[in-house]
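Engineer: I'd like to ask some things about the structure below.
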Amino acid sequence: MTRLHFASALLPSGWATDVQVVVTAGAIAAVTPNVAPAAGDERHSIALPGLASLHSHAFQRGMAGLAELRGDSTDTFWTWRETMYRFALAMTPDDVAAVATLLYVEMLEQGFTHVGEFHYLHHDRDGSPYADLAEMAARIAQAAQDSGIGLTLLPSFYAHAGFGGAAPHAGQRRFICSVDQFAKLMAASRKAISKLPGANIGIAPHSLRAVTPDELAAIIPLADGGPVHIHAAEQVKEVEDCQAWSGRRPVQWLLEHAPVDQRWCLIHATHTTNDELAAFARTGAVAGLCPVTEASLGDGTFPAREFVGAGGAFGIGTDSNVLVGVADELRQLEYGQRLKHRERNVLSGGAGASTGRALFDHALAGGARALGRPTVGLTPGGRGDIVTLDTAHPSLAGRSRDAVIDGWIFAAGSGAIDCVWAGGNKVVEGGRHKLRRSARENFNASVRRLVA
C-alpha cells in the first residue's frame with residue numbers, strides 16, 4: 001500500500017485541497033480530500049492524473065530527426081514514408097525492444113502513463129513470420145513492463161499498398177498479413193500481454209488504403225469488444241484516392257459502412273468536412289489527434305474547434321514520436337488552431353475558461369475512452385497513474401489550480417514534472433525515470449548500428 005498526500009489535486013469533481021490518495025495493488029483504493037497529512041504519507045504539492053498517448057508507433061522513435069533532408073521532389077508524408085520503410089526493414093527484435101523501452105521511459109517522464117501502441121512491425125526482415133508470431137508484440141509488452149507504462153496493444157492489420165486491394169510492395173513486407181494470419185497473430189498477442197498488469201488489447205485496421213471492405217468486416221470481431229483504431233483522412237492525397245475508389249471521402253465511407261461507435265478511434269481525421277465532423281461526433285468515437293507529428297509531416301490542421309463544438313471527443317497521441325510530451329502535443333494543438341483562426345484561446349470552451357484545463361480534460365477523457373479504460377482520473381478503482389508538478393519551476397511559481405496547468409502547457413517547456421506513479425509504482429522522481437540511463441545506453445547502441 002502507498003499513501004500519498006497532495007496540497008492540491010485535480011479530481012473528477014474538480015480541484016480539491018489536502019487530498020490523501022491510497023494506492024493498493026496498482027489501483028487507487030481511496031481518495032479523501034480535506035484531510036491533514038498523516039504520519040507515513042508521502043507529501044507533494046500538486047497532483048494530476050496521468051494522460052494517455054493514444055497513438056504510438058514505437059519503432060519510429062529510433063528515426064526521429066533522420067528525415068529532415070529535403071529531396072529533389074516536393075517533400076510530403078509520402079516521401080517521409082520511404083525513409084520510415086528503410087529504417088523499419090533494418091530493425092531486429094532487440095532493436096525494437098531497446099527503442100520502445102526508451103520511448104516509454106520518455107513518455108513517463110513527460111506525463112504519459114498509458115500508451116496505445118498501434119503496432120504493425122510484425123515479421124522478420126525478409127517478411128517471413130517469426131516462429132512466435134507475436135515476437136515483436138512480446139518485445140513491446142516487455143518494454144511496457146520494464147518501464148511501468150500502461151499498455152493497450154493495437155496489432156495492426158495491413159494487407160495492401162492502396163485502395164481497392166492493390167498488391168503490397170517490398171517496403172511493406174514486414175507489415176503484411178492475411179486475415180487468417182492476423183487472427184493467429186491476435187491470439188498470440190493476447191498471450192504476450194496476458195501477464196502484464198492492466199494491459200488490454202484491441203485491433204488496428206491500418207487504413208482504408210491498406211484494408212479492403214471485406215477484410216475490415218472480417219477482422220473487427222477479433223477486437224472482442226476492445227478498441228478499434230484506424231488511420232483516416234490524414235493527407236489530401238488519401239482523400240482524393242479514396243474518392244476515386246469509392247466516391248466517398250475516408251471518414252464518410254467509414255461512417256456509412258463500418259460499425260463506428262464509442263470503441264472506435266479515427267486517427268488524424270485531418271481533412272474532414274463539417275457534415276463529416278457532426279456525424280463523427282454523434283457516434284461517440286474519438287478523434288486521435290497527433291499535433292506534433294501532423295505538423296512534422298505537413299499533414300494539415302484538424303478542425304478541432306468545429307469538432308468540439310459539435311460535441312466531439314478527442315485524445316492525443318505521439319504517433320511518430322519525433323518529440324514526446326503531454327505539454328508539447330496540447331500546445332501544438334491549440335497553437336495550430338490559433339494560426340488557422342487567427343485568434344487566441346480557441347479551445348478554451350468559453351469566456352474566462354482556462355485553455356490548458358480544457359485541453360487537459362479533453363485529452364484525459366478521450367484518451368481513456370479510446371484505449372478502453374472505463375475509469376478516468378484520480379478516483380477509486382482507477383489505475384494508480386499520478387503526475388506531480390514541480391512548483392519551484394519558474395513557470396509554475398506562485399500559481400495554483402488551472403493556472404498551474406496553463407503554465408505547464410504553454411510556458412514551462414521541459415522540467416515541470418517532478419514525480420510519476422504508473423500502476424501505483426513510483427517510476428519517475430525528480431523528473432528522471434529510474435531506467436533512464438540504461439534505456440539510453442541500449443537505445444544508443446541499437447541506433448548507432450541502424451544509422452551506420
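Each chain in the C-alpha cells gets a letter, A, B and so on, in the order shown; residues start at 1 in every chain, and ligands are counted from 1 in the order they appear.
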Excluding A:Thr212 and its own-chain neighbours fewer than 6 positions away, which residues fall within 9 Å of it when counting only C-alpha atoms? Please give them as JSON, numbers by chain.
Structural biologist: {"A": [159, 160, 163, 164, 165]}
Engineer: Please provide the set of residues having any atom within 10 Å of stretch 353-369 of chain A, restricted to only C-alpha atoms, with same-chain residues fewer than 5 positions apart removed, written as a PyMOL selection string.
Structural biologist: chain A and resi 12+48-55+114-116+227+262-265+284-289+308+312-317+326-327+329-331+333-334+344-348+374-377+401-410
Engineer: From the list A:Met63, A:Val324, A:Val105, A:Leu196, which residue is nearest A:Val428 when using only C-alpha atoms?
Structural biologist: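 Counting only C-alpha atoms, the residue closest to A:Val428 is A:Val105.
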Engineer: As a PyMOL selection string, please: all residues of stretch 213-435 of chain A that backbone DSSP puts in helix (DSSP H, G or I).
Structural biologist: chain A and resi 213-223+236-246+250-257+274-283+291-296+304-309+326-341+355-370+402-412
Engineer: For A:Gly423, which residue among A:Ile220, A:Val387, A:Ala166, A:Val99 is the nearest when counting only C-alpha atoms?
Structural biologist: A:Val387
Engineer: For atom CA of A:Asp275 and atom CA of A:Ile230, quote the distance in Å rounded to one decimal.
Structural biologist: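 It comes out at 19.8 Å.
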Engineer: If we count only C-alpha atoms, what is near A:Leu66 at a cut-off of 9 Å, once residues fewer than 4 positions away on the same chain are taken out, given as a PyMOL selection string?
Structural biologist: chain A and resi 62+83+451
Engineer: Taking C-alpha atoms for each residue, export the selection above as a PDB file, in the first residue's frame.
Structural biologist:
```pdb
ATOM      1  CA  GLY A  62      14.632   5.460 -33.470  1.00  0.00           C
ATOM      2  CA  THR A  83      12.642   6.793 -45.103  1.00  0.00           C
ATOM      3  CA  VAL A 451      22.173   4.518 -38.965  1.00  0.00           C
TER       4      VAL A 451
END
```
Engineer: May I ask which of the residues A:Gly431, A:Pro303, A:Gly381, A:Gly40 is the closest one to A:Gly26, counting only C-alpha atoms?
Structural biologist: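 The answer is A:Gly381, which sits nearest to A:Gly26.
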Engineer: May I ask which of the residues A:His229, A:Pro197, A:Cys177, A:Thr101 is the closest one to A:Glu215, counting only C-alpha atoms?
Structural biologist: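 Between A:His229, A:Pro197, A:Cys177, A:Thr101, the residue approaching A:Glu215 most closely is A:Cys177.
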Engineer: Which one of A:Thr388, A:Thr92, A:Thr283, A:Thr24 sits closest to A:Val447 if you count only C-alpha atoms?
Structural biologist: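 Closest candidate: A:Thr92.
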Engineer: Using only C-alpha atoms, can you tell me which of A:Leu133, A:Leu185, A:Ile386, A:Val251 comes closest to A:Trp421?
Structural biologist: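 So, comparing all the options, the nearest one is A:Ile386.
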Engineer: What's around A:Gly309 at 10 Å? Count only C-alpha atoms, leave out sequence neighbours fewer than 2 positions away in its own chain, and write the answer as a list of chain:residue names.
Structural biologist: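 Close residues of A:Gly309: A:Leu277, A:Ala278, A:Ala281, A:Ala304, A:Arg305, A:Glu306, A:Phe307, A:Gly311, A:Gly312, A:Leu347, A:Gly349.
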Engineer: Store the residues picked out above in a file with N, CA and C atoms, as a compact mmCIF listing (two decimals), in the first residue's frame.
Structural biologist:
```
# COMPACT_ATOMS: atom_id res chain seq x y z
N LEU A 277 -17.76 15.89 -39.62
CA LEU A 277 -17.45 16.14 -38.21
C LEU A 277 -18.67 15.95 -37.33
N ALA A 278 -19.82 16.46 -37.77
CA ALA A 278 -21.04 16.34 -36.97
C ALA A 278 -21.46 14.88 -36.84
N ALA A 281 -18.96 13.05 -34.54
CA ALA A 281 -19.20 13.36 -33.13
C ALA A 281 -20.37 12.57 -32.58
N ALA A 304 -10.45 21.29 -35.02
CA ALA A 304 -10.78 20.95 -33.64
C ALA A 304 -11.91 21.81 -33.09
N ARG A 305 -11.91 23.12 -33.38
CA ARG A 305 -12.96 23.97 -32.84
C ARG A 305 -14.33 23.50 -33.31
N GLU A 306 -14.43 23.18 -34.58
CA GLU A 306 -15.71 22.72 -35.13
C GLU A 306 -16.12 21.37 -34.54
N PHE A 307 -15.15 20.48 -34.37
CA PHE A 307 -15.45 19.15 -33.85
C PHE A 307 -15.90 19.23 -32.39
N GLY A 311 -19.71 18.57 -30.25
CA GLY A 311 -19.77 17.60 -29.16
C GLY A 311 -18.80 16.45 -29.30
N GLY A 312 -17.79 16.59 -30.15
CA GLY A 312 -16.85 15.52 -30.39
C GLY A 312 -15.84 15.34 -29.28
N LEU A 347 -9.59 26.85 -27.99
CA LEU A 347 -10.22 25.65 -27.45
C LEU A 347 -10.53 25.76 -25.96
N GLY A 349 -13.20 26.83 -24.49
CA GLY A 349 -14.56 26.45 -24.16
C GLY A 349 -15.46 27.59 -23.73
```
Engineer: Env of stretch 93-96 of chain A: 9 Å cut, atoms = only C-alpha atoms, seq-sep filter 4 positions within chain, self excluded. Answer as JSON, numbers by chain.
Structural biologist: {"A": [58, 59, 62, 100, 101, 124, 135, 136, 139, 140, 442, 443, 445, 446, 447, 450]}
Engineer: Suppose we keep N, CA and C atoms; can you now write the selection as a tab-separated table (two decimals), in the first residue's frame?
Structural biologist:
```tsv
chain	number	residue	atom	x	y	z
A	58	ALA	N	6.06	2.87	-31.84
A	58	ALA	CA	7.26	2.95	-31.01
A	58	ALA	C	8.55	2.92	-31.81
A	59	PHE	N	8.62	2.04	-32.83
A	59	PHE	CA	9.88	1.87	-33.55
A	59	PHE	C	10.34	3.16	-34.22
A	62	GLY	N	13.24	5.65	-33.09
A	62	GLY	CA	14.63	5.46	-33.47
A	62	GLY	C	15.07	6.28	-34.67
A	100	ALA	N	11.67	0.94	-27.98
A	100	ALA	CA	10.40	1.09	-27.26
A	100	ALA	C	10.62	1.38	-25.79
A	101	THR	N	11.62	0.75	-25.19
A	101	THR	CA	11.86	0.98	-23.76
A	101	THR	C	12.24	2.43	-23.50
A	124	ASP	N	9.74	-10.82	-39.69
A	124	ASP	CA	11.20	-10.74	-39.80
A	124	ASP	C	11.57	-9.83	-40.98
A	135	GLU	N	6.38	-12.33	-31.69
A	135	GLU	CA	7.73	-11.98	-31.26
A	135	GLU	C	7.88	-10.48	-31.02
A	136	MET	N	7.45	-9.69	-32.00
A	136	MET	CA	7.59	-8.24	-31.87
A	136	MET	C	6.62	-7.67	-30.82
A	139	ARG	N	8.04	-8.01	-27.47
A	139	ARG	CA	9.07	-7.02	-27.14
A	139	ARG	C	8.43	-5.70	-26.70
A	140	ILE	N	7.31	-5.35	-27.32
A	140	ILE	CA	6.59	-4.15	-26.90
A	140	ILE	C	6.07	-4.34	-25.47
A	442	ASN	N	21.12	1.42	-24.15
A	442	ASN	CA	20.66	0.37	-25.05
A	442	ASN	C	20.11	0.96	-26.35
A	443	PHE	N	19.35	2.04	-26.23
A	443	PHE	CA	18.82	2.73	-27.41
A	443	PHE	C	19.96	3.21	-28.31
A	445	ALA	N	23.01	2.19	-28.56
A	445	ALA	CA	23.75	1.10	-29.21
A	445	ALA	C	23.00	0.59	-30.43
A	446	SER	N	21.67	0.46	-30.32
A	446	SER	CA	20.89	0.00	-31.47
A	446	SER	C	20.89	1.02	-32.60
A	447	VAL	N	20.65	2.28	-32.26
A	447	VAL	CA	20.51	3.30	-33.31
A	447	VAL	C	21.84	3.56	-33.99
A	450	LEU	N	21.98	1.01	-36.58
A	450	LEU	CA	20.98	1.16	-37.62
A	450	LEU	C	21.26	2.30	-38.59
```
Engineer: Taking the chain letters and numbering used in this document, name the residues of stretch 304-430 of chain A that DSSP puts in strand (DSSP E or B), as a ChimeraX atom specification.
Structural biologist: /A:313-316,319,383,386-389,417-422,425-429
Engineer: Identify, on the basis of only C-alpha atoms, every residue whose closest approach to stretch 69-82 of chain A does not exceed 9 Å; exclude the query and any residue fewer than 3 positions from it along the same chain; express the result as a ChimeraX atom specification.
Structural biologist: /A:66,85-87,171,235,296-299
